[in-house]
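With mmCIF, N, CA and C atoms and all ligand atoms inside, this is structure-v5.cif:
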data_input
#
loop_
_atom_site.label_atom_id
_atom_site.label_comp_id
_atom_site.auth_asym_id
_atom_site.auth_seq_id
_atom_site.Cartn_x
_atom_site.Cartn_y
_atom_site.Cartn_z
N MET A 230 115.96 104.08 59.22
CA MET A 230 117.38 104.40 59.34
C MET A 230 118.21 103.20 58.89
N ASP A 231 119.21 103.48 58.04
CA ASP A 231 120.14 102.41 57.65
C ASP A 231 121.23 102.34 58.71
N LEU A 232 121.06 101.37 59.61
CA LEU A 232 121.95 101.30 60.77
C LEU A 232 123.38 100.97 60.40
N LYS A 233 123.55 100.20 59.33
CA LYS A 233 124.92 99.83 58.94
C LYS A 233 125.71 101.08 58.56
N THR A 234 125.05 102.02 57.91
CA THR A 234 125.70 103.26 57.53
C THR A 234 125.84 104.19 58.72
N ALA A 235 124.81 104.20 59.56
CA ALA A 235 124.79 105.16 60.67
C ALA A 235 125.65 104.73 61.85
N LEU A 236 125.98 103.45 61.92
CA LEU A 236 126.63 102.91 63.11
C LEU A 236 127.92 103.65 63.54
N PRO A 237 128.86 103.86 62.63
CA PRO A 237 130.10 104.51 63.08
C PRO A 237 129.85 105.83 63.80
N GLN A 238 128.90 106.58 63.30
CA GLN A 238 128.61 107.88 63.87
C GLN A 238 127.79 107.74 65.16
N LEU A 239 126.97 106.70 65.22
CA LEU A 239 126.16 106.49 66.41
C LEU A 239 126.98 105.92 67.57
N LEU A 240 128.07 105.26 67.23
CA LEU A 240 128.86 104.57 68.26
C LEU A 240 129.35 105.48 69.37
N LEU A 241 129.89 106.64 68.98
CA LEU A 241 130.41 107.55 70.00
C LEU A 241 129.31 108.00 70.95
N LYS A 242 128.14 108.27 70.37
CA LYS A 242 127.01 108.68 71.20
C LYS A 242 126.56 107.53 72.09
N ALA A 243 126.55 106.32 71.53
CA ALA A 243 126.11 105.15 72.29
C ALA A 243 127.06 104.89 73.46
N ILE A 244 128.35 105.04 73.21
CA ILE A 244 129.35 104.82 74.27
C ILE A 244 129.19 105.87 75.36
N ALA A 245 129.02 107.12 74.97
CA ALA A 245 128.85 108.20 75.96
C ALA A 245 127.60 107.96 76.80
N TRP A 246 126.52 107.56 76.13
CA TRP A 246 125.27 107.29 76.84
C TRP A 246 125.46 106.14 77.83
N ALA A 247 126.07 105.06 77.34
CA ALA A 247 126.27 103.86 78.17
C ALA A 247 127.17 104.17 79.37
N GLU A 248 128.21 104.96 79.15
CA GLU A 248 129.12 105.30 80.25
C GLU A 248 128.41 106.14 81.31
N ALA A 249 127.56 107.05 80.87
CA ALA A 249 126.82 107.89 81.82
C ALA A 249 125.83 107.05 82.63
N GLN A 250 125.12 106.14 81.95
CA GLN A 250 124.18 105.25 82.65
C GLN A 250 124.92 104.38 83.66
N ALA A 251 126.03 103.82 83.22
CA ALA A 251 126.80 102.92 84.09
C ALA A 251 127.31 103.65 85.31
N ALA A 252 127.76 104.88 85.13
CA ALA A 252 128.27 105.67 86.25
C ALA A 252 127.17 105.93 87.27
N GLN A 253 125.98 106.22 86.77
CA GLN A 253 124.84 106.48 87.65
C GLN A 253 124.50 105.24 88.47
N ILE A 254 124.47 104.08 87.79
CA ILE A 254 124.12 102.84 88.48
C ILE A 254 125.23 102.42 89.46
N SER A 255 126.47 102.75 89.12
CA SER A 255 127.55 102.33 90.02
C SER A 255 127.45 103.04 91.36
N SER A 256 126.78 104.20 91.40
CA SER A 256 126.60 104.86 92.70
C SER A 256 125.24 104.57 93.32
N SER A 257 124.22 104.29 92.50
CA SER A 257 122.88 104.08 93.07
C SER A 257 122.49 102.61 93.18
N GLY A 258 123.17 101.74 92.43
CA GLY A 258 122.78 100.33 92.42
C GLY A 258 123.25 99.59 93.66
N ARG A 259 122.75 98.38 93.81
CA ARG A 259 123.15 97.56 94.96
C ARG A 259 124.24 96.57 94.55
N SER A 260 125.01 96.11 95.53
CA SER A 260 126.02 95.09 95.27
C SER A 260 125.36 93.72 95.20
N LEU A 261 126.10 92.75 94.72
CA LEU A 261 125.61 91.38 94.68
C LEU A 261 125.67 90.78 96.09
N ASP A 262 124.70 89.91 96.41
CA ASP A 262 124.80 89.19 97.67
C ASP A 262 125.68 87.95 97.46
N GLU A 263 125.90 87.19 98.52
CA GLU A 263 126.83 86.05 98.45
C GLU A 263 126.47 85.06 97.33
N GLY A 264 125.19 84.71 97.27
CA GLY A 264 124.74 83.75 96.26
C GLY A 264 124.93 84.28 94.85
N GLU A 265 124.66 85.57 94.69
CA GLU A 265 124.81 86.19 93.37
C GLU A 265 126.29 86.29 92.97
N MET A 266 127.15 86.51 93.96
CA MET A 266 128.60 86.56 93.68
C MET A 266 129.06 85.21 93.16
N GLU A 267 128.53 84.16 93.77
CA GLU A 267 128.89 82.81 93.34
C GLU A 267 128.40 82.56 91.91
N LEU A 268 127.17 83.02 91.65
CA LEU A 268 126.61 82.91 90.30
C LEU A 268 127.49 83.66 89.30
N ALA A 269 127.93 84.85 89.70
CA ALA A 269 128.77 85.67 88.83
C ALA A 269 130.07 84.93 88.49
N ARG A 270 130.70 84.36 89.52
CA ARG A 270 131.96 83.64 89.27
C ARG A 270 131.72 82.45 88.36
N ARG A 271 130.59 81.81 88.55
CA ARG A 271 130.25 80.62 87.75
C ARG A 271 130.16 80.95 86.26
N VAL A 272 129.71 82.15 85.92
CA VAL A 272 129.60 82.51 84.50
C VAL A 272 130.81 83.32 84.02
N GLY A 273 131.86 83.36 84.86
CA GLY A 273 133.12 83.92 84.37
C GLY A 273 133.46 85.33 84.79
N VAL A 274 132.65 85.93 85.69
CA VAL A 274 132.95 87.30 86.12
C VAL A 274 134.17 87.28 87.05
N ALA A 275 135.18 88.08 86.72
CA ALA A 275 136.42 88.08 87.49
C ALA A 275 136.31 88.94 88.75
N ARG A 276 135.56 90.05 88.67
CA ARG A 276 135.46 90.97 89.81
C ARG A 276 133.99 91.19 90.19
N PRO A 277 133.36 90.14 90.75
CA PRO A 277 131.92 90.27 91.09
C PRO A 277 131.64 91.37 92.11
N GLU A 278 132.65 91.72 92.93
CA GLU A 278 132.43 92.77 93.95
C GLU A 278 132.23 94.14 93.31
N ARG A 279 132.58 94.25 92.04
CA ARG A 279 132.41 95.55 91.36
C ARG A 279 131.04 95.69 90.68
N VAL A 280 130.30 94.59 90.60
CA VAL A 280 129.02 94.62 89.89
C VAL A 280 127.96 95.36 90.71
N ARG A 281 127.15 96.15 90.05
CA ARG A 281 126.03 96.82 90.69
C ARG A 281 124.76 96.51 89.91
N VAL A 282 123.68 96.32 90.66
CA VAL A 282 122.39 96.00 90.04
C VAL A 282 121.38 97.07 90.42
N ALA A 283 120.65 97.56 89.44
CA ALA A 283 119.58 98.52 89.69
C ALA A 283 118.27 97.98 89.13
N LEU A 284 117.23 97.96 89.95
CA LEU A 284 115.91 97.58 89.47
C LEU A 284 115.21 98.83 88.97
N VAL A 285 114.63 98.74 87.79
CA VAL A 285 113.98 99.92 87.21
C VAL A 285 112.57 99.55 86.72
N ASP A 286 111.71 100.55 86.65
CA ASP A 286 110.36 100.32 86.14
C ASP A 286 110.38 100.16 84.64
N ALA A 287 111.30 100.87 83.98
CA ALA A 287 111.45 100.76 82.52
C ALA A 287 112.88 101.10 82.19
N LEU A 288 113.39 100.49 81.12
CA LEU A 288 114.73 100.84 80.68
C LEU A 288 114.67 102.23 80.06
N THR A 289 115.60 103.08 80.47
CA THR A 289 115.59 104.47 80.00
C THR A 289 116.08 104.55 78.56
N LEU A 290 115.35 105.26 77.74
CA LEU A 290 115.79 105.47 76.36
C LEU A 290 116.68 106.71 76.29
N PRO A 291 117.66 106.69 75.40
CA PRO A 291 118.51 107.88 75.24
C PRO A 291 117.69 109.08 74.77
N GLU A 292 118.09 110.28 75.18
CA GLU A 292 117.38 111.48 74.75
C GLU A 292 117.68 111.82 73.30
N ASP A 293 118.90 111.53 72.86
CA ASP A 293 119.27 111.82 71.48
C ASP A 293 118.32 111.08 70.52
N PRO A 294 117.64 111.80 69.62
CA PRO A 294 116.62 111.18 68.77
C PRO A 294 117.15 110.03 67.90
N GLU A 295 118.34 110.22 67.33
CA GLU A 295 118.92 109.18 66.47
C GLU A 295 119.26 107.93 67.26
N LEU A 296 119.86 108.15 68.41
CA LEU A 296 120.27 107.04 69.25
C LEU A 296 119.04 106.29 69.77
N ARG A 297 118.04 107.05 70.13
CA ARG A 297 116.79 106.48 70.60
C ARG A 297 116.15 105.63 69.50
N ALA A 298 116.10 106.17 68.28
CA ALA A 298 115.51 105.43 67.15
C ALA A 298 116.28 104.14 66.88
N ALA A 299 117.61 104.23 66.95
CA ALA A 299 118.44 103.05 66.70
C ALA A 299 118.22 101.99 67.78
N ALA A 300 118.11 102.44 69.02
CA ALA A 300 117.91 101.51 70.14
C ALA A 300 116.58 100.76 69.98
N LEU A 301 115.57 101.47 69.51
CA LEU A 301 114.26 100.85 69.32
C LEU A 301 114.26 99.95 68.10
N GLN A 302 114.90 100.41 67.03
CA GLN A 302 114.93 99.65 65.77
C GLN A 302 115.64 98.30 65.95
N THR A 303 116.71 98.29 66.73
CA THR A 303 117.43 97.04 66.95
C THR A 303 116.73 96.17 67.99
N GLY A 304 115.80 96.76 68.73
CA GLY A 304 115.14 96.01 69.79
C GLY A 304 115.91 96.03 71.10
N LEU A 305 117.06 96.69 71.09
CA LEU A 305 117.91 96.68 72.29
C LEU A 305 117.23 97.29 73.51
N LEU A 306 116.47 98.35 73.27
CA LEU A 306 115.78 98.99 74.39
C LEU A 306 114.28 98.99 74.14
N GLY A 307 113.83 98.02 73.37
CA GLY A 307 112.40 97.93 73.04
C GLY A 307 111.58 97.48 74.23
N PRO A 308 110.26 97.48 74.06
CA PRO A 308 109.35 97.13 75.15
C PRO A 308 109.56 95.71 75.68
N GLY A 309 110.10 94.82 74.84
CA GLY A 309 110.28 93.44 75.28
C GLY A 309 111.56 93.22 76.08
N MET A 310 112.35 94.28 76.21
CA MET A 310 113.65 94.11 76.85
C MET A 310 113.53 94.22 78.36
N VAL A 311 114.05 93.26 79.08
CA VAL A 311 113.89 93.25 80.54
C VAL A 311 115.21 93.40 81.29
N GLY A 312 116.33 93.35 80.56
CA GLY A 312 117.62 93.52 81.23
C GLY A 312 118.61 94.18 80.29
N LEU A 313 119.56 94.88 80.88
CA LEU A 313 120.59 95.56 80.09
C LEU A 313 121.85 95.66 80.95
N THR A 314 122.97 95.30 80.35
CA THR A 314 124.23 95.41 81.08
C THR A 314 125.12 96.43 80.39
N LEU A 315 125.64 97.36 81.19
CA LEU A 315 126.55 98.39 80.68
C LEU A 315 127.78 98.36 81.57
N GLY A 316 128.84 97.76 81.09
CA GLY A 316 130.04 97.60 81.92
C GLY A 316 129.73 96.66 83.08
N GLN A 317 129.96 97.15 84.31
CA GLN A 317 129.68 96.32 85.48
C GLN A 317 128.34 96.68 86.11
N SER A 318 127.55 97.45 85.36
CA SER A 318 126.25 97.88 85.85
C SER A 318 125.14 97.14 85.13
N ILE A 319 124.25 96.54 85.92
CA ILE A 319 123.15 95.76 85.35
C ILE A 319 121.82 96.42 85.70
N LEU A 320 121.02 96.64 84.66
CA LEU A 320 119.67 97.15 84.85
C LEU A 320 118.71 96.00 84.65
N ILE A 321 117.78 95.84 85.59
CA ILE A 321 116.78 94.79 85.44
C ILE A 321 115.41 95.40 85.71
N ARG A 322 114.47 95.07 84.82
CA ARG A 322 113.12 95.60 85.01
C ARG A 322 112.45 94.88 86.17
N ARG A 323 111.83 95.70 87.02
CA ARG A 323 111.13 95.17 88.17
C ARG A 323 110.17 94.05 87.75
N GLY A 324 110.17 92.97 88.49
CA GLY A 324 109.30 91.84 88.16
C GLY A 324 110.00 90.77 87.36
N TYR A 325 111.22 91.06 86.89
CA TYR A 325 111.95 90.09 86.06
C TYR A 325 113.27 89.69 86.71
N GLU A 326 113.38 89.92 88.02
CA GLU A 326 114.66 89.64 88.67
C GLU A 326 114.79 88.14 88.98
N THR A 327 115.06 87.36 87.94
CA THR A 327 115.24 85.92 88.09
C THR A 327 116.72 85.56 88.01
N LYS A 328 117.03 84.39 88.51
CA LYS A 328 118.40 83.88 88.44
C LYS A 328 118.82 83.72 86.99
N CYS A 329 117.86 83.27 86.16
CA CYS A 329 118.15 83.07 84.74
C CYS A 329 118.57 84.38 84.08
N LEU A 330 117.80 85.44 84.30
CA LEU A 330 118.13 86.72 83.68
C LEU A 330 119.42 87.29 84.28
N LEU A 331 119.57 87.18 85.60
CA LEU A 331 120.78 87.72 86.22
C LEU A 331 122.03 87.01 85.69
N SER A 332 121.96 85.68 85.54
CA SER A 332 123.13 84.96 85.03
C SER A 332 123.46 85.39 83.60
N HIS A 333 122.43 85.64 82.80
CA HIS A 333 122.61 86.12 81.43
C HIS A 333 123.33 87.48 81.44
N GLU A 334 122.83 88.38 82.27
CA GLU A 334 123.43 89.73 82.32
C GLU A 334 124.84 89.66 82.90
N LEU A 335 125.05 88.77 83.87
CA LEU A 335 126.40 88.63 84.44
C LEU A 335 127.39 88.10 83.39
N ARG A 336 126.91 87.28 82.49
CA ARG A 336 127.81 86.83 81.41
C ARG A 336 128.21 88.01 80.53
N HIS A 337 127.28 88.97 80.36
CA HIS A 337 127.66 90.18 79.63
C HIS A 337 128.72 90.97 80.40
N VAL A 338 128.62 90.97 81.74
CA VAL A 338 129.67 91.63 82.53
C VAL A 338 131.02 90.98 82.22
N HIS A 339 131.02 89.65 82.18
CA HIS A 339 132.26 88.93 81.81
C HIS A 339 132.76 89.39 80.44
N GLN A 340 131.84 89.55 79.50
CA GLN A 340 132.24 89.98 78.15
C GLN A 340 132.85 91.38 78.19
N TYR A 341 132.25 92.27 78.98
CA TYR A 341 132.81 93.63 79.13
C TYR A 341 134.20 93.55 79.76
N GLU A 342 134.35 92.66 80.76
CA GLU A 342 135.66 92.50 81.40
C GLU A 342 136.70 92.08 80.37
N GLN A 343 136.32 91.14 79.52
CA GLN A 343 137.24 90.66 78.49
C GLN A 343 137.61 91.79 77.53
N ALA A 344 136.62 92.63 77.21
CA ALA A 344 136.85 93.73 76.27
C ALA A 344 137.59 94.89 76.93
N GLY A 345 137.57 94.93 78.26
CA GLY A 345 138.34 95.94 78.98
C GLY A 345 137.56 97.17 79.40
N SER A 346 136.51 97.52 78.67
CA SER A 346 135.75 98.73 79.00
C SER A 346 134.49 98.77 78.15
N ILE A 347 133.64 99.75 78.44
CA ILE A 347 132.45 99.96 77.63
C ILE A 347 132.86 100.34 76.21
N ALA A 348 133.84 101.22 76.10
CA ALA A 348 134.31 101.65 74.78
C ALA A 348 134.97 100.51 74.02
N GLY A 349 135.49 99.52 74.76
CA GLY A 349 136.11 98.37 74.12
C GLY A 349 135.10 97.32 73.69
N PHE A 350 133.97 97.29 74.39
CA PHE A 350 132.97 96.25 74.14
C PHE A 350 131.92 96.65 73.11
N LEU A 351 131.37 97.86 73.28
CA LEU A 351 130.19 98.23 72.50
C LEU A 351 130.36 98.21 70.98
N PRO A 352 131.48 98.67 70.43
CA PRO A 352 131.58 98.65 68.96
C PRO A 352 131.37 97.25 68.37
N GLY A 353 132.03 96.26 68.92
CA GLY A 353 131.88 94.90 68.40
C GLY A 353 130.49 94.34 68.64
N TYR A 354 129.97 94.61 69.82
CA TYR A 354 128.64 94.11 70.17
C TYR A 354 127.57 94.72 69.28
N LEU A 355 127.60 96.04 69.14
CA LEU A 355 126.57 96.71 68.33
C LEU A 355 126.71 96.33 66.86
N GLN A 356 127.93 96.12 66.43
CA GLN A 356 128.11 95.69 65.04
C GLN A 356 127.44 94.33 64.81
N GLN A 357 127.59 93.43 65.76
CA GLN A 357 126.92 92.13 65.65
C GLN A 357 125.40 92.29 65.58
N ILE A 358 124.87 93.14 66.46
CA ILE A 358 123.43 93.34 66.52
C ILE A 358 122.91 93.89 65.18
N VAL A 359 123.66 94.85 64.63
CA VAL A 359 123.24 95.48 63.38
C VAL A 359 123.38 94.51 62.20
N LEU A 360 124.45 93.71 62.21
CA LEU A 360 124.69 92.83 61.06
C LEU A 360 123.82 91.58 61.06
N VAL A 361 123.69 90.92 62.18
CA VAL A 361 122.96 89.64 62.19
C VAL A 361 121.70 89.64 63.05
N GLY A 362 121.47 90.74 63.76
CA GLY A 362 120.27 90.81 64.58
C GLY A 362 120.55 90.33 66.00
N TYR A 363 119.68 90.78 66.90
CA TYR A 363 119.86 90.51 68.33
C TYR A 363 119.94 89.01 68.62
N ALA A 364 119.00 88.24 68.07
CA ALA A 364 118.91 86.82 68.42
C ALA A 364 120.15 86.04 67.99
N ASP A 365 120.72 86.39 66.85
CA ASP A 365 121.83 85.61 66.30
C ASP A 365 123.21 86.19 66.63
N ALA A 366 123.24 87.32 67.29
CA ALA A 366 124.54 87.93 67.62
C ALA A 366 125.34 86.95 68.49
N PRO A 367 126.58 86.63 68.11
CA PRO A 367 127.36 85.66 68.88
C PRO A 367 127.50 86.00 70.37
N LEU A 368 127.61 87.28 70.71
CA LEU A 368 127.74 87.65 72.12
C LEU A 368 126.44 87.40 72.88
N GLU A 369 125.30 87.49 72.19
CA GLU A 369 124.02 87.15 72.82
C GLU A 369 123.88 85.63 72.95
N GLN A 370 124.34 84.91 71.93
CA GLN A 370 124.28 83.45 72.00
C GLN A 370 125.14 82.95 73.15
N ASP A 371 126.30 83.58 73.32
CA ASP A 371 127.19 83.20 74.42
C ASP A 371 126.52 83.46 75.78
N ALA A 372 125.85 84.61 75.89
CA ALA A 372 125.17 84.93 77.15
C ALA A 372 124.03 83.94 77.41
N ARG A 373 123.31 83.58 76.36
CA ARG A 373 122.21 82.61 76.53
C ARG A 373 122.74 81.24 76.93
N ALA A 374 123.90 80.89 76.37
CA ALA A 374 124.50 79.58 76.67
C ALA A 374 124.95 79.48 78.13
N HIS A 375 125.12 80.63 78.79
CA HIS A 375 125.57 80.63 80.18
C HIS A 375 124.45 80.92 81.17
N GLU A 376 123.21 80.93 80.69
CA GLU A 376 122.09 81.17 81.61
C GLU A 376 121.97 79.99 82.57
N VAL A 377 121.75 80.32 83.82
CA VAL A 377 121.55 79.29 84.85
C VAL A 377 120.06 79.25 85.16
N ALA A 378 119.50 78.07 85.03
CA ALA A 378 118.05 77.94 85.19
C ALA A 378 117.61 78.26 86.61
N ASP A 379 116.43 78.84 86.73
CA ASP A 379 115.86 79.10 88.05
C ASP A 379 115.45 77.77 88.65
N LEU A 380 115.54 77.70 89.99
CA LEU A 380 115.18 76.43 90.63
C LEU A 380 113.68 76.27 90.67
ZN ZN B 1 121.92 89.63 76.38
#
Written as structure tokens, that's how I'd like the structure from this file.
Amino acid sequence: MDLKTALPQLLLKAIAWAEAQAAQISSSGRSLDEGEMELARRVGVARPERVRVALVDALTLPEDPELRAAALQTGLLGPGMVGLTLGQSILIRRGYETKCLLSHELRHVHQYEQAGSIAGFLPGYLQQIVLVGYADAPLEQDARAHEVADL
């Protein structure tokens, strides 16, 4: 799939998928504890009380075949992925719940806050991923730069 060509059309589906996932986690996920709230503030989260975290056995792939293929092709939801942030909802794969990963995902929450919403954040983020790749995407570099090491 040529993602650069497909992106505009995939975006609406990606936003709808992300919003549905985030809504589900906002009701089923847990709130941050005191230490995690402090960590959230440290990496720039303005409303840590709104963050929800869900531990999952595997990151769920979208049912839509095109969206699923794109998620795998970019590596965003590939087998190596252990965390995903959608708005104020954070998914973390069981066994990977470290301070380092949580701080990384919380920085993405900050980025969503800056963008205002999932629909405000995803177009720019996905465009970066498609154009320069996951590792070099500036929003990923920013999240990595704000990782707090585990003790
Ligand atoms: Zn990231």
- Mind giving me the straight-line distance from CA of Val359 (chain A) to CA of Leu236 (chain A) in Å, one decimal?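 Interatomic distance, CA of Val359 (chain A) to CA of Leu236 (chain A): 8.2 Å.
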- Neighbour list for region 293-298 of chain A as a ChimeraX atom specification, cut-off 7 Å, all atoms listed in the file, skip fewer than 2 positions in-chain: /A:239,242-243,290-291,300-303
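Of the residues listed (A:Leu305, A:Leu360, A:Ala235, A:Val272), A:Leu305 shows the shortest atom-to-atom separation from ligand ZN 1 (chain B); distances use only C-alpha atoms and all ligand atoms.
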Could you tell me, counting all atoms listed in the file, which protein and nucleic acid residues lie no more than 6 Å from ligand ZN 1 (chain B), written as a PDB file with N, CA and C atoms, in the frame of the given file?
ATOM      1  N   HIS A 333     122.430  85.640  82.800  1.00  0.00           N
ATOM      2  CA  HIS A 333     122.610  86.120  81.430  1.00  0.00           C
ATOM      3  C   HIS A 333     123.330  87.480  81.440  1.00  0.00           C
ATOM      4  N   GLU A 369     125.300  87.490  72.190  1.00  0.00           N
ATOM      5  CA  GLU A 369     124.020  87.150  72.820  1.00  0.00           C
ATOM      6  C   GLU A 369     123.880  85.630  72.950  1.00  0.00           C
ATOM      7  N   ALA A 372     125.850  84.610  75.890  1.00  0.00           N
ATOM      8  CA  ALA A 372     125.170  84.930  77.150  1.00  0.00           C
ATOM      9  C   ALA A 372     124.030  83.940  77.410  1.00  0.00           C
TER      10      ALA A 372
END
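For the set A:Met266, A:Leu351, A:Leu288, A:Arg323, the residue with the smallest atom-to-atom gap to Leu306 (chain A) is A:Leu288, counting all atoms listed in the file.
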File output for region 323-336 of chain A (N, CA and C atoms) as a PDB file, in the first residue's frame:
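What ended up in out-v3.pdb:
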ATOM      1  N   ARG A 323       0.607  -5.763  28.961  1.00  0.00           N
ATOM      2  CA  ARG A 323       0.948  -6.380  30.231  1.00  0.00           C
ATOM      3  C   ARG A 323       2.413  -6.832  30.222  1.00  0.00           C
ATOM      4  N   GLY A 324       3.114  -6.550  31.296  1.00  0.00           N
ATOM      5  CA  GLY A 324       4.521  -6.932  31.385  1.00  0.00           C
ATOM      6  C   GLY A 324       5.458  -5.801  31.014  1.00  0.00           C
ATOM      7  N   TYR A 325       4.908  -4.709  30.472  1.00  0.00           N
ATOM      8  CA  TYR A 325       5.746  -3.585  30.039  1.00  0.00           C
ATOM      9  C   TYR A 325       5.396  -2.304  30.782  1.00  0.00           C
ATOM     10  N   GLU A 326       4.732  -2.448  31.929  1.00  0.00           N
ATOM     11  CA  GLU A 326       4.287  -1.253  32.642  1.00  0.00           C
ATOM     12  C   GLU A 326       5.437  -0.653  33.458  1.00  0.00           C
ATOM     13  N   THR A 327       6.358   0.007  32.753  1.00  0.00           N
ATOM     14  CA  THR A 327       7.498   0.651  33.404  1.00  0.00           C
ATOM     15  C   THR A 327       7.286   2.161  33.454  1.00  0.00           C
ATOM     16  N   LYS A 328       8.031   2.789  34.341  1.00  0.00           N
ATOM     17  CA  LYS A 328       7.991   4.245  34.452  1.00  0.00           C
ATOM     18  C   LYS A 328       8.445   4.877  33.146  1.00  0.00           C
ATOM     19  N   CYS A 329       9.459   4.256  32.533  1.00  0.00           N
ATOM     20  CA  CYS A 329       9.993   4.776  31.275  1.00  0.00           C
ATOM     21  C   CYS A 329       8.909   4.797  30.194  1.00  0.00           C
ATOM     22  N   LEU A 330       8.206   3.688  30.027  1.00  0.00           N
ATOM     23  CA  LEU A 330       7.168   3.631  28.997  1.00  0.00           C
ATOM     24  C   LEU A 330       6.001   4.560  29.357  1.00  0.00           C
ATOM     25  N   LEU A 331       5.616   4.563  30.632  1.00  0.00           N
ATOM     26  CA  LEU A 331       4.492   5.419  31.030  1.00  0.00           C
ATOM     27  C   LEU A 331       4.819   6.893  30.784  1.00  0.00           C
ATOM     28  N   SER A 332       6.049   7.308  31.103  1.00  0.00           N
ATOM     29  CA  SER A 332       6.410   8.717  30.883  1.00  0.00           C
ATOM     30  C   SER A 332       6.382   9.056  29.393  1.00  0.00           C
ATOM     31  N   HIS A 333       6.804   8.114  28.558  1.00  0.00           N
ATOM     32  CA  HIS A 333       6.766   8.299  27.100  1.00  0.00           C
ATOM     33  C   HIS A 333       5.314   8.499  26.637  1.00  0.00           C
ATOM     34  N   GLU A 334       4.442   7.606  27.098  1.00  0.00           N
ATOM     35  CA  GLU A 334       3.033   7.693  26.677  1.00  0.00           C
ATOM     36  C   GLU A 334       2.379   8.951  27.240  1.00  0.00           C
ATOM     37  N   LEU A 335       2.757   9.331  28.459  1.00  0.00           N
ATOM     38  CA  LEU A 335       2.199  10.551  29.049  1.00  0.00           C
ATOM     39  C   LEU A 335       2.636  11.796  28.256  1.00  0.00           C
ATOM     40  N   ARG A 336       3.817  11.752  27.694  1.00  0.00           N
ATOM     41  CA  ARG A 336       4.233  12.883  26.846  1.00  0.00           C
ATOM     42  C   ARG A 336       3.339  12.960  25.606  1.00  0.00           C
TER      43      ARG A 336
END
